[in-house]
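Colleague: You'll find coords_17.tsv just under this line, and it carries TSV, C-alpha atoms.
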```tsv
chain	number	residue	atom	x	y	z
A	1	MET	CA	-41.25	7.40	-15.82
A	2	ALA	CA	-40.90	4.06	-14.04
A	3	ARG	CA	-39.21	3.28	-10.75
A	4	ILE	CA	-36.65	0.48	-10.38
A	5	VAL	CA	-36.41	-0.88	-6.84
A	6	MET	CA	-33.45	-3.01	-5.80
A	7	GLN	CA	-34.02	-5.62	-3.11
A	8	PRO	CA	-33.01	-6.34	-0.38
A	9	SER	CA	-31.67	-2.77	0.05
A	10	GLY	CA	-34.92	-1.08	-1.00
A	11	ARG	CA	-33.01	1.61	-2.90
A	12	ALA	CA	-34.80	2.95	-5.95
A	13	VAL	CA	-33.82	4.74	-9.16
A	14	GLU	CA	-35.87	6.43	-11.85
A	15	CYS	CA	-36.05	4.95	-15.33
A	16	ARG	CA	-36.87	7.36	-18.15
A	17	SER	CA	-39.28	6.33	-20.87
A	18	GLY	CA	-37.47	4.27	-23.48
A	19	ASP	CA	-34.47	3.50	-21.26
A	20	THR	CA	-33.49	0.00	-20.26
A	21	VAL	CA	-33.11	-1.08	-16.64
A	22	LEU	CA	-29.35	-1.25	-17.17
A	23	MET	CA	-29.27	2.34	-18.42
A	24	ALA	CA	-31.29	3.53	-15.43
A	25	LEU	CA	-29.00	1.78	-12.95
A	26	GLU	CA	-25.88	3.12	-14.66
A	27	ASN	CA	-27.26	6.66	-14.72
A	28	ALA	CA	-27.71	6.37	-10.96
A	29	GLY	CA	-24.16	5.04	-10.47
A	30	TYR	CA	-24.86	1.32	-10.06
A	31	ALA	CA	-22.44	-0.90	-11.99
A	32	LEU	CA	-24.59	-3.86	-12.94
A	33	PRO	CA	-22.37	-6.38	-14.75
A	34	ASN	CA	-22.75	-6.24	-18.52
A	35	ASN	CA	-20.80	-6.85	-21.69
A	36	CYS	CA	-22.62	-7.09	-25.00
A	37	ARG	CA	-25.53	-4.73	-24.15
A	38	ALA	CA	-27.49	-6.61	-26.81
A	39	GLY	CA	-29.08	-9.60	-25.07
A	40	ALA	CA	-26.38	-12.03	-26.16
A	41	CYS	CA	-24.01	-12.70	-23.24
A	42	GLY	CA	-26.24	-13.06	-20.15
A	43	GLU	CA	-23.92	-11.03	-17.93
A	44	CYS	CA	-26.69	-8.65	-16.81
A	45	LYS	CA	-29.14	-11.40	-15.83
A	46	VAL	CA	-31.13	-10.70	-12.63
A	47	LYS	CA	-34.38	-11.94	-11.12
A	48	VAL	CA	-37.42	-9.67	-11.39
A	49	LEU	CA	-39.50	-9.99	-8.22
A	50	SER	CA	-42.50	-7.92	-9.33
A	51	GLY	CA	-43.64	-5.63	-12.10
A	52	GLN	CA	-43.76	-6.05	-15.86
A	53	PHE	CA	-41.12	-5.39	-18.50
A	54	ASP	CA	-40.59	-5.77	-22.21
A	55	GLN	CA	-37.63	-8.13	-22.57
A	56	GLY	CA	-37.01	-7.33	-26.21
A	57	ILE	CA	-35.12	-9.73	-28.48
A	58	VAL	CA	-32.49	-11.80	-26.67
A	59	LEU	CA	-30.67	-15.03	-27.43
A	60	ASP	CA	-31.89	-18.28	-25.87
A	61	MET	CA	-28.31	-19.11	-24.89
A	62	ALA	CA	-28.24	-15.93	-22.77
A	63	LEU	CA	-31.69	-16.36	-21.23
A	64	SER	CA	-33.27	-19.81	-21.35
A	65	ALA	CA	-36.98	-20.55	-21.32
A	66	ASP	CA	-36.65	-22.02	-17.83
A	67	GLU	CA	-34.95	-18.87	-16.57
A	68	ARG	CA	-37.74	-16.77	-18.06
A	69	ARG	CA	-40.30	-18.88	-16.18
A	70	GLN	CA	-38.35	-18.30	-12.96
A	71	GLY	CA	-38.60	-14.54	-13.48
A	72	TYR	CA	-35.11	-13.77	-14.74
A	73	GLY	CA	-34.45	-11.10	-17.33
A	74	LEU	CA	-31.57	-9.45	-19.16
A	75	MET	CA	-31.45	-5.88	-17.94
A	76	CYS	CA	-29.51	-4.59	-20.96
A	77	MET	CA	-32.65	-5.07	-23.05
A	78	ALA	CA	-35.42	-4.99	-20.43
A	79	LYS	CA	-37.67	-1.90	-20.47
A	80	PRO	CA	-40.25	-1.41	-17.69
A	81	ILE	CA	-43.88	-1.33	-18.76
A	82	SER	CA	-45.27	-0.98	-15.23
A	83	ASP	CA	-44.85	1.98	-12.88
A	84	GLU	CA	-42.54	-0.04	-10.65
A	85	LEU	CA	-40.14	-2.90	-11.31
A	86	VAL	CA	-38.59	-4.72	-8.36
A	87	ILE	CA	-35.38	-6.62	-9.01
A	88	GLU	CA	-33.24	-8.84	-6.80
A	89	TRP	CA	-29.83	-7.22	-6.91
A	90	GLY	CA	-27.32	-6.08	-4.34
A	91	THR	CA	-27.19	-6.67	-0.61
A	92	GLU	CA	-28.88	-4.89	2.28
A	93	ASP	CA	-26.37	-2.03	2.09
A	94	ALA	CA	-26.86	-1.91	-1.73
A	95	ARG	CA	-23.45	-3.35	-2.53
A	96	PRO	CA	-23.42	-5.72	-5.50
A	97	LYS	CA	-24.07	-9.39	-4.90
A	98	LEU	CA	-21.02	-11.58	-5.16
A	99	PHE	CA	-21.32	-14.40	-7.68
A	100	PRO	CA	-21.10	-17.94	-6.25
A	101	PRO	CA	-17.56	-19.23	-6.87
A	102	LYS	CA	-17.01	-22.33	-8.99
A	103	GLU	CA	-14.42	-24.98	-8.28
A	104	ASN	CA	-12.13	-26.47	-10.91
A	105	ALA	CA	-13.69	-24.76	-13.91
A	106	LEU	CA	-11.90	-25.91	-17.07
A	107	PHE	CA	-10.00	-23.32	-19.11
A	108	VAL	CA	-7.53	-23.49	-22.01
A	109	VAL	CA	-4.37	-21.39	-22.19
A	110	VAL	CA	-4.83	-19.44	-25.44
A	111	ASP	CA	-1.86	-17.09	-25.04
A	112	LYS	CA	1.18	-16.69	-22.82
A	113	ARG	CA	3.77	-13.94	-23.00
A	114	LEU	CA	6.34	-12.15	-20.84
A	115	ILE	CA	5.13	-8.56	-20.43
A	116	ALA	CA	7.74	-7.28	-17.97
A	117	ASN	CA	10.76	-8.39	-16.04
A	118	ARG	CA	9.50	-11.48	-14.13
A	119	VAL	CA	5.82	-10.96	-15.09
A	120	MET	CA	4.06	-13.51	-17.32
A	121	GLU	CA	0.62	-12.79	-18.75
A	122	LEU	CA	-1.81	-15.67	-19.31
A	123	ARG	CA	-4.97	-15.54	-21.39
A	124	LEU	CA	-7.42	-18.27	-20.48
A	125	ARG	CA	-10.65	-19.23	-22.33
A	126	PRO	CA	-13.41	-21.18	-20.60
A	127	VAL	CA	-14.57	-24.52	-21.95
A	128	ALA	CA	-17.84	-24.35	-19.99
A	129	PRO	CA	-20.00	-21.23	-19.47
A	130	PRO	CA	-17.89	-18.21	-18.41
A	131	LEU	CA	-17.20	-17.37	-14.78
A	132	ARG	CA	-19.25	-14.42	-13.61
A	133	TYR	CA	-17.16	-12.04	-11.57
A	134	TRP	CA	-16.73	-8.44	-10.53
A	135	PRO	CA	-13.71	-6.41	-11.67
A	136	GLY	CA	-11.18	-6.49	-8.84
A	137	GLN	CA	-11.81	-10.11	-7.87
A	138	TYR	CA	-9.34	-12.99	-8.12
A	139	VAL	CA	-9.19	-16.69	-8.94
A	140	THR	CA	-6.90	-19.53	-7.91
A	141	ILE	CA	-4.86	-21.72	-10.24
A	142	GLY	CA	-2.58	-24.66	-9.57
A	143	ASN	CA	-1.83	-28.25	-10.55
A	144	PRO	CA	-2.46	-30.52	-7.55
A	145	GLY	CA	-1.63	-33.63	-9.57
A	146	ALA	CA	1.92	-32.35	-9.94
A	147	ASP	CA	2.10	-31.08	-6.36
A	148	ILE	CA	1.71	-27.47	-7.55
A	149	PRO	CA	-0.42	-25.69	-4.91
A	150	ALA	CA	-3.28	-23.43	-5.93
A	151	ARG	CA	-2.39	-19.76	-5.62
A	152	ALA	CA	-4.47	-16.61	-5.98
A	153	TYR	CA	-4.06	-14.22	-8.90
A	154	SER	CA	-6.19	-11.18	-9.64
A	155	ILE	CA	-8.10	-11.01	-12.91
A	156	SER	CA	-6.70	-8.07	-14.86
A	157	ASN	CA	-9.53	-7.59	-17.37
A	158	ALA	CA	-13.15	-6.58	-17.02
A	159	PRO	CA	-15.69	-9.30	-17.91
A	160	ARG	CA	-16.15	-9.90	-21.63
A	161	PRO	CA	-18.62	-11.99	-23.65
A	162	ASP	CA	-16.17	-14.77	-24.50
A	163	GLY	CA	-15.35	-15.27	-20.81
A	164	GLU	CA	-11.61	-14.83	-21.30
A	165	LEU	CA	-9.59	-14.24	-18.14
A	166	VAL	CA	-6.25	-12.43	-18.17
A	167	LEU	CA	-3.84	-13.17	-15.30
A	168	GLN	CA	-0.52	-11.43	-14.69
A	169	VAL	CA	1.81	-13.66	-12.70
A	170	ALA	CA	5.06	-12.46	-11.14
A	171	ARG	CA	7.80	-15.04	-10.71
A	172	ALA	CA	8.27	-15.45	-6.96
A	173	ASP	CA	11.61	-16.63	-5.62
A	174	GLY	CA	10.93	-20.13	-4.31
A	175	GLY	CA	7.32	-20.07	-5.52
A	176	LEU	CA	6.29	-23.43	-6.99
A	177	THR	CA	3.14	-22.15	-8.66
A	178	SER	CA	4.65	-19.11	-10.36
A	179	ALA	CA	7.63	-21.20	-11.53
A	180	TRP	CA	5.23	-23.77	-13.05
A	181	ILE	CA	3.30	-21.00	-14.82
A	182	HIS	CA	6.46	-19.33	-16.14
A	183	ASP	CA	8.43	-22.44	-17.09
A	184	SER	CA	6.08	-25.35	-17.73
A	185	LEU	CA	2.58	-24.20	-18.63
A	186	LYS	CA	2.12	-24.02	-22.41
A	187	VAL	CA	-0.33	-22.51	-24.86
A	188	GLY	CA	-2.97	-25.16	-25.50
A	189	ASP	CA	-2.76	-26.68	-22.01
A	190	ASN	CA	-5.89	-27.24	-19.96
A	191	VAL	CA	-6.00	-25.66	-16.50
A	192	LYS	CA	-8.55	-25.65	-13.72
A	193	ILE	CA	-9.61	-22.35	-12.17
A	194	SER	CA	-11.56	-21.77	-8.97
A	195	GLY	CA	-13.32	-18.55	-8.11
A	196	PRO	CA	-14.13	-15.75	-8.23
A	197	TYR	CA	-13.16	-14.60	-4.75
A	198	GLY	CA	-12.64	-11.30	-2.97
A	199	THR	CA	-14.52	-8.09	-2.26
A	200	PHE	CA	-12.13	-5.55	-3.81
A	201	ILE	CA	-14.97	-4.00	-5.80
A	202	GLY	CA	-16.02	-0.87	-3.94
A	203	ASP	CA	-19.51	0.63	-3.80
A	204	PRO	CA	-20.85	1.16	-7.34
A	205	SER	CA	-23.35	3.79	-6.18
A	206	VAL	CA	-20.60	6.20	-5.09
A	207	ASP	CA	-20.14	9.06	-7.56
A	208	ALA	CA	-16.74	10.51	-6.68
A	209	PRO	CA	-13.31	11.00	-8.24
A	210	VAL	CA	-11.37	7.72	-8.24
A	211	LEU	CA	-7.69	7.31	-7.37
A	212	CYS	CA	-6.06	3.91	-7.93
A	213	LEU	CA	-2.69	3.08	-6.34
A	214	ALA	CA	-0.86	-0.04	-7.49
A	215	ALA	CA	2.56	-1.63	-7.14
A	216	GLY	CA	3.92	-4.50	-9.21
A	217	THR	CA	1.25	-7.00	-10.23
A	218	GLY	CA	-1.10	-5.28	-7.83
A	219	LEU	CA	-1.81	-3.41	-11.07
A	220	ALA	CA	-3.88	-6.38	-12.30
A	221	PRO	CA	-7.11	-5.79	-10.34
A	222	ILE	CA	-6.70	-2.03	-10.79
A	223	LEU	CA	-6.66	-2.49	-14.57
A	224	ALA	CA	-9.89	-4.49	-14.38
A	225	LEU	CA	-11.57	-1.87	-12.20
A	226	ALA	CA	-10.46	1.01	-14.43
A	227	GLU	CA	-11.47	-0.77	-17.64
A	228	ALA	CA	-14.94	-1.52	-16.30
A	229	ALA	CA	-15.48	2.04	-15.05
A	230	LEU	CA	-14.35	3.64	-18.31
A	231	ARG	CA	-16.31	1.19	-20.43
A	232	ARG	CA	-19.57	1.97	-18.64
A	233	GLY	CA	-19.04	5.71	-19.02
A	234	TYR	CA	-18.03	6.70	-15.49
A	235	ARG	CA	-18.00	10.50	-15.59
A	236	LYS	CA	-15.81	11.53	-12.66
A	237	PRO	CA	-11.97	11.60	-12.94
A	238	VAL	CA	-10.25	8.21	-12.78
A	239	ASN	CA	-6.52	8.52	-12.00
A	240	LEU	CA	-4.01	5.69	-11.65
A	241	LEU	CA	-0.60	5.80	-9.99
A	242	PHE	CA	1.63	2.80	-10.66
A	243	SER	CA	4.80	2.04	-8.71
A	244	ALA	CA	7.53	-0.20	-10.14
A	245	ARG	CA	11.15	-0.79	-9.29
A	246	THR	CA	12.64	-0.07	-12.74
A	247	ARG	CA	11.50	0.55	-16.30
A	248	ASP	CA	11.88	-3.18	-16.96
A	249	ASP	CA	9.15	-3.80	-14.37
A	250	VAL	CA	6.61	-1.47	-16.02
A	251	TYR	CA	3.87	-3.06	-18.11
A	252	SER	CA	0.44	-2.26	-19.61
A	253	GLN	CA	1.65	1.29	-20.26
A	254	GLY	CA	0.35	1.14	-23.82
A	255	MET	CA	-3.15	0.30	-22.62
A	256	MET	CA	-3.08	3.08	-20.04
A	257	ALA	CA	-1.89	5.56	-22.67
A	258	TRP	CA	-4.72	4.47	-24.96
A	259	TRP	CA	-7.26	4.97	-22.17
A	260	ARG	CA	-5.86	8.45	-21.54
A	261	THR	CA	-6.29	9.35	-25.22
A	262	LYS	CA	-9.77	7.84	-25.53
A	263	HIS	CA	-11.23	8.92	-22.17
A	264	ARG	CA	-10.77	12.54	-21.18
A	265	ASN	CA	-11.42	11.73	-17.52
A	266	PHE	CA	-8.59	9.17	-17.25
A	267	ASP	CA	-4.94	9.83	-16.48
A	268	TYR	CA	-2.02	7.85	-15.11
A	269	LYS	CA	1.51	8.31	-13.82
A	270	VAL	CA	4.31	5.80	-13.24
A	271	THR	CA	6.91	6.14	-10.50
A	272	LEU	CA	10.16	4.19	-10.27
A	273	THR	CA	11.70	3.42	-6.91
A	274	ARG	CA	15.13	2.10	-7.95
A	275	GLU	CA	16.07	4.28	-10.89
A	276	GLU	CA	15.42	7.71	-12.34
A	277	ALA	CA	14.29	8.11	-15.95
A	278	GLU	CA	12.80	10.82	-18.11
A	279	GLY	CA	9.02	10.70	-18.23
A	280	TYR	CA	8.70	8.88	-14.92
A	281	LEU	CA	8.26	10.03	-11.36
A	282	HIS	CA	10.80	8.84	-8.82
A	283	GLY	CA	10.15	7.60	-5.29
A	284	ARG	CA	7.66	5.66	-3.23
A	285	LEU	CA	3.99	6.39	-3.80
A	286	ASP	CA	3.23	7.03	-0.15
A	287	ALA	CA	5.90	9.76	-0.13
A	288	LEU	CA	4.74	11.30	-3.42
A	289	LEU	CA	1.03	11.23	-2.61
A	290	PRO	CA	0.82	14.46	-0.53
A	291	LYS	CA	2.34	16.48	-3.40
A	292	LEU	CA	0.11	14.93	-6.06
A	293	TYR	CA	-3.16	14.78	-4.10
A	294	PRO	CA	-3.03	17.02	-1.00
A	295	ASP	CA	-6.75	16.49	-0.30
A	296	LEU	CA	-8.40	13.07	-0.70
A	297	SER	CA	-11.48	13.78	1.40
A	298	LYS	CA	-13.78	13.52	-1.63
A	299	HIS	CA	-12.04	10.65	-3.42
A	300	THR	CA	-12.67	6.94	-3.64
A	301	VAL	CA	-9.26	5.25	-3.28
A	302	PHE	CA	-8.29	1.72	-4.34
A	303	VAL	CA	-4.94	0.26	-3.25
A	304	ALA	CA	-3.41	-3.03	-4.44
A	305	GLY	CA	0.08	-4.44	-4.06
A	306	SER	CA	2.21	-6.10	-1.42
A	307	PRO	CA	1.06	-5.82	2.21
A	308	GLU	CA	3.87	-3.36	2.94
A	309	PHE	CA	2.94	-1.17	-0.02
A	310	THR	CA	-0.74	-1.30	0.85
A	311	ASP	CA	-0.17	-0.40	4.50
A	312	ALA	CA	2.04	2.55	3.58
A	313	CYS	CA	-0.42	3.90	1.01
A	314	VAL	CA	-3.40	3.46	3.32
A	315	ALA	CA	-1.63	5.45	6.05
A	316	ALA	CA	-0.73	8.20	3.58
A	317	ALA	CA	-4.25	8.35	2.12
A	318	LYS	CA	-5.85	8.54	5.56
A	319	ALA	CA	-3.52	11.38	6.50
A	320	LEU	CA	-4.81	13.21	3.40
A	321	GLY	CA	-8.42	12.85	4.50
A	322	VAL	CA	-9.82	9.83	2.67
A	323	ARG	CA	-12.88	8.42	4.44
A	324	ASP	CA	-12.75	4.84	5.68
A	325	ASP	CA	-15.83	3.88	3.65
A	326	MET	CA	-14.21	5.27	0.50
A	327	LEU	CA	-10.92	3.37	0.93
A	328	HIS	CA	-10.66	-0.11	-0.59
A	329	THR	CA	-7.73	-2.50	-0.37
A	330	GLU	CA	-7.11	-5.86	-1.92
A	331	GLY	CA	-6.97	-8.34	0.93
A	332	PHE	CA	-6.54	-11.89	-0.34
A	333	PHE	CA	-3.08	-12.22	1.20
A	334	SER	CA	-4.68	-12.94	4.56
A	335	GLN	CA	-7.11	-15.45	3.05
A	336	GLN	CA	-4.63	-18.04	1.83
A	337	GLN	CA	-1.58	-19.89	3.01
A	338	ILE	CA	1.45	-18.23	1.43
A	339	GLU	CA	4.41	-20.43	0.57
A	340	VAL	CA	6.74	-17.53	0.05
A	341	ALA	CA	6.63	-13.95	1.15
A	342	ASP	CA	4.59	-12.62	-1.76
A	343	PRO	CA	3.72	-15.01	-4.59
A	344	ALA	CA	0.87	-13.13	-6.15
A	345	HIS	CA	2.23	-9.59	-6.07
A	346	LEU	CA	5.99	-9.95	-5.84
A	347	LEU	CA	6.99	-6.58	-7.18
A	348	SER	CA	6.24	-4.46	-4.15
A	349	ALA	CA	7.85	-1.05	-4.29
```
Render the structure in this file as structure tokens.
Modeller:
Amino acid sequence: MARIVMQPSGRAVECRSGDTVLMALENAGYALPNNCRAGACGECKVKVLSGQFDQGIVLDMALSADERRQGYGLMCMAKPISDELVIEWGTEDARPKLFPPKENALFVVVDKRLIANRVMELRLRPVAPPLRYWPGQYVTIGNPGADIPARAYSISNAPRPDGELVLQVARADGGLTSAWIHDSLKVGDNVKISGPYGTFIGDPSVDAPVLCLAAGTGLAPILALAEAALRRGYRKPVNLLFSARTRDDVYSQGMMAWWRTKHRNFDYKVTLTREEAEGYLHGRLDALLPKLYPDLSKHTVFVAGSPEFTDACVAAAKALGVRDDMLHTEGFFSQQQIEVADPAHLLSA
């Protein structure tokens, strides 16, 4: 059995004979980015500082000869052949390293559709190599040449080999960028994306039940986080509570229902704040939370939505015992100049 050491934190995990480095890290609760798990996409590329490993068969486009000389490897295929393998991954507190953001990366709009009242979904494909990002992060999009300011929108899908990004954009009253996306941007148009940004990614080494709270298009980063966790085989319960104003504001319910059928540890509920309907809860999430989850002392909690929604849910979760280090909120509102009250997550509830 080999030992995988992550630097600069110094944390170590055991790697069973025949397992890849990626498998060892996942078994220990570390969510190293990955997609193809076959040496083809390059998402799990890290630098090996010391030790030997069998790289296996990988594509040159995913790991170039120059990268091999620099010590990089693809951990989805790499198997240790020395007693210890030291890799450069994570920070001093073992949180994952953030990927350097890119500016004005060229993408093409490959699909655009209205998925809910006032919510437009964009699917964007990269022209250059894909952006590397963590589920829960966001990018900015705008059109400066037409005086459309760049605005932040969370990525709603986990990373995938083709690099496609899915954005869910709520029409904001008076918002220039959301109006441009809804009314003017067309399938086939080129757009420039900057990012990724944000630290709404949690601690991948924590092995605890997960509770996700989202309102409106705050659901976007929550979907990415849930998809990534379920795809990598997260074993503890993953529950999602989604707050919307009316049934017309609910979206992605089909995907959540599919996850619930496919993954026994996933469940979701939707609450409506401005109407009552069969099959839905009714009321604000912060008011419903004590009845649904009276004890959150052992949960990891993620909250995303408008600032008012987030503040209310944070207060409710803390009153139910969630630890500060287990509570994660999306915070890009404070990191940008907002033209209108809430351009990125309009549908606060």
Colleague: Would you kindly return, as a PDB file with C-alpha atoms, keeping the file's coordinate frame, each protein, DNA or RNA residue with an atom no farther than 8 Å from any atom of segment 28-37 of chain A, considering all atoms listed in the file and excluding same-chain residues fewer than 5 positions away?
Modeller:
```
ATOM      1  CA  VAL A  13     -33.820   4.740  -9.160  1.00  0.00           C
ATOM      2  CA  LEU A  22     -29.350  -1.250 -17.170  1.00  0.00           C
ATOM      3  CA  GLY A  42     -26.240 -13.060 -20.150  1.00  0.00           C
ATOM      4  CA  GLU A  43     -23.920 -11.030 -17.930  1.00  0.00           C
ATOM      5  CA  CYS A  44     -26.690  -8.650 -16.810  1.00  0.00           C
ATOM      6  CA  CYS A  76     -29.510  -4.590 -20.960  1.00  0.00           C
ATOM      7  CA  MET A  77     -32.650  -5.070 -23.050  1.00  0.00           C
ATOM      8  CA  PRO A  96     -23.420  -5.720  -5.500  1.00  0.00           C
ATOM      9  CA  TRP A 134     -16.730  -8.440 -10.530  1.00  0.00           C
ATOM     10  CA  PRO A 159     -15.690  -9.300 -17.910  1.00  0.00           C
ATOM     11  CA  ARG A 160     -16.150  -9.900 -21.630  1.00  0.00           C
ATOM     12  CA  PRO A 161     -18.620 -11.990 -23.650  1.00  0.00           C
ATOM     13  CA  PRO A 204     -20.850   1.160  -7.340  1.00  0.00           C
ATOM     14  CA  SER A 205     -23.350   3.790  -6.180  1.00  0.00           C
ATOM     15  CA  VAL A 206     -20.600   6.200  -5.090  1.00  0.00           C
ATOM     16  CA  ASP A 207     -20.140   9.060  -7.560  1.00  0.00           C
ATOM     17  CA  ARG A 232     -19.570   1.970 -18.640  1.00  0.00           C
TER      18      ARG A 232
END
```
Colleague: Need to verify the contact set: Arg11 of chain A, 10 Å, all atoms listed in the file, exclusion of same-chain residues closer than 3 positions in sequence. Can you return it as an mmCIF file with C-alpha atoms, keeping the file's coordinate frame?
Modeller:
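That gives us out-v2.cif:
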```cif
data_model
loop_
_atom_site.group_PDB
_atom_site.id
_atom_site.type_symbol
_atom_site.label_atom_id
_atom_site.label_comp_id
_atom_site.auth_asym_id
_atom_site.auth_seq_id
_atom_site.Cartn_x
_atom_site.Cartn_y
_atom_site.Cartn_z
ATOM 1 C CA ILE A 4 -36.650 0.480 -10.380
ATOM 2 C CA VAL A 5 -36.410 -0.880 -6.840
ATOM 3 C CA MET A 6 -33.450 -3.010 -5.800
ATOM 4 C CA GLN A 7 -34.020 -5.620 -3.110
ATOM 5 C CA PRO A 8 -33.010 -6.340 -0.380
ATOM 6 C CA GLY A 90 -27.320 -6.080 -4.340
ATOM 7 C CA GLU A 92 -28.880 -4.890 2.280
ATOM 8 C CA ASP A 93 -26.370 -2.030 2.090
ATOM 9 C CA ALA A 94 -26.860 -1.910 -1.730
#
```
Colleague: Hey, which bits of segment 146-246 of chain A sit within 10 Å of segment 310-324 of chain A, and for each residue what's the closest pair of atoms and how far apart in Å (one decimal), counting all atoms listed in the file, rows by chain and increasing number, as CSV?
Modeller:
```
residue,atom,partner,partner_atom,distance
A:Leu213,CA,A:Cys313,CA,7.7
A:Ala214,CA,A:Thr310,CA,8.4
A:Ala215,CA,A:Thr310,CA,8.7
A:Gly218,CA,A:Thr310,CA,9.6
```
Colleague: Could you state the separation of atom CA of Leu185 of chain A and atom CA of Arg123 of chain A in Å, given to one decimal place?
Modeller: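 About the pair atom CA of Leu185 of chain A and atom CA of Arg123 of chain A: they are 11.8 Å apart.
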Colleague: Counting only C-alpha atoms, which of A:Pro130, A:Gly279, A:Pro80, A:Gly142 gets nearest to Phe53 of chain A?
Modeller: A:Pro80
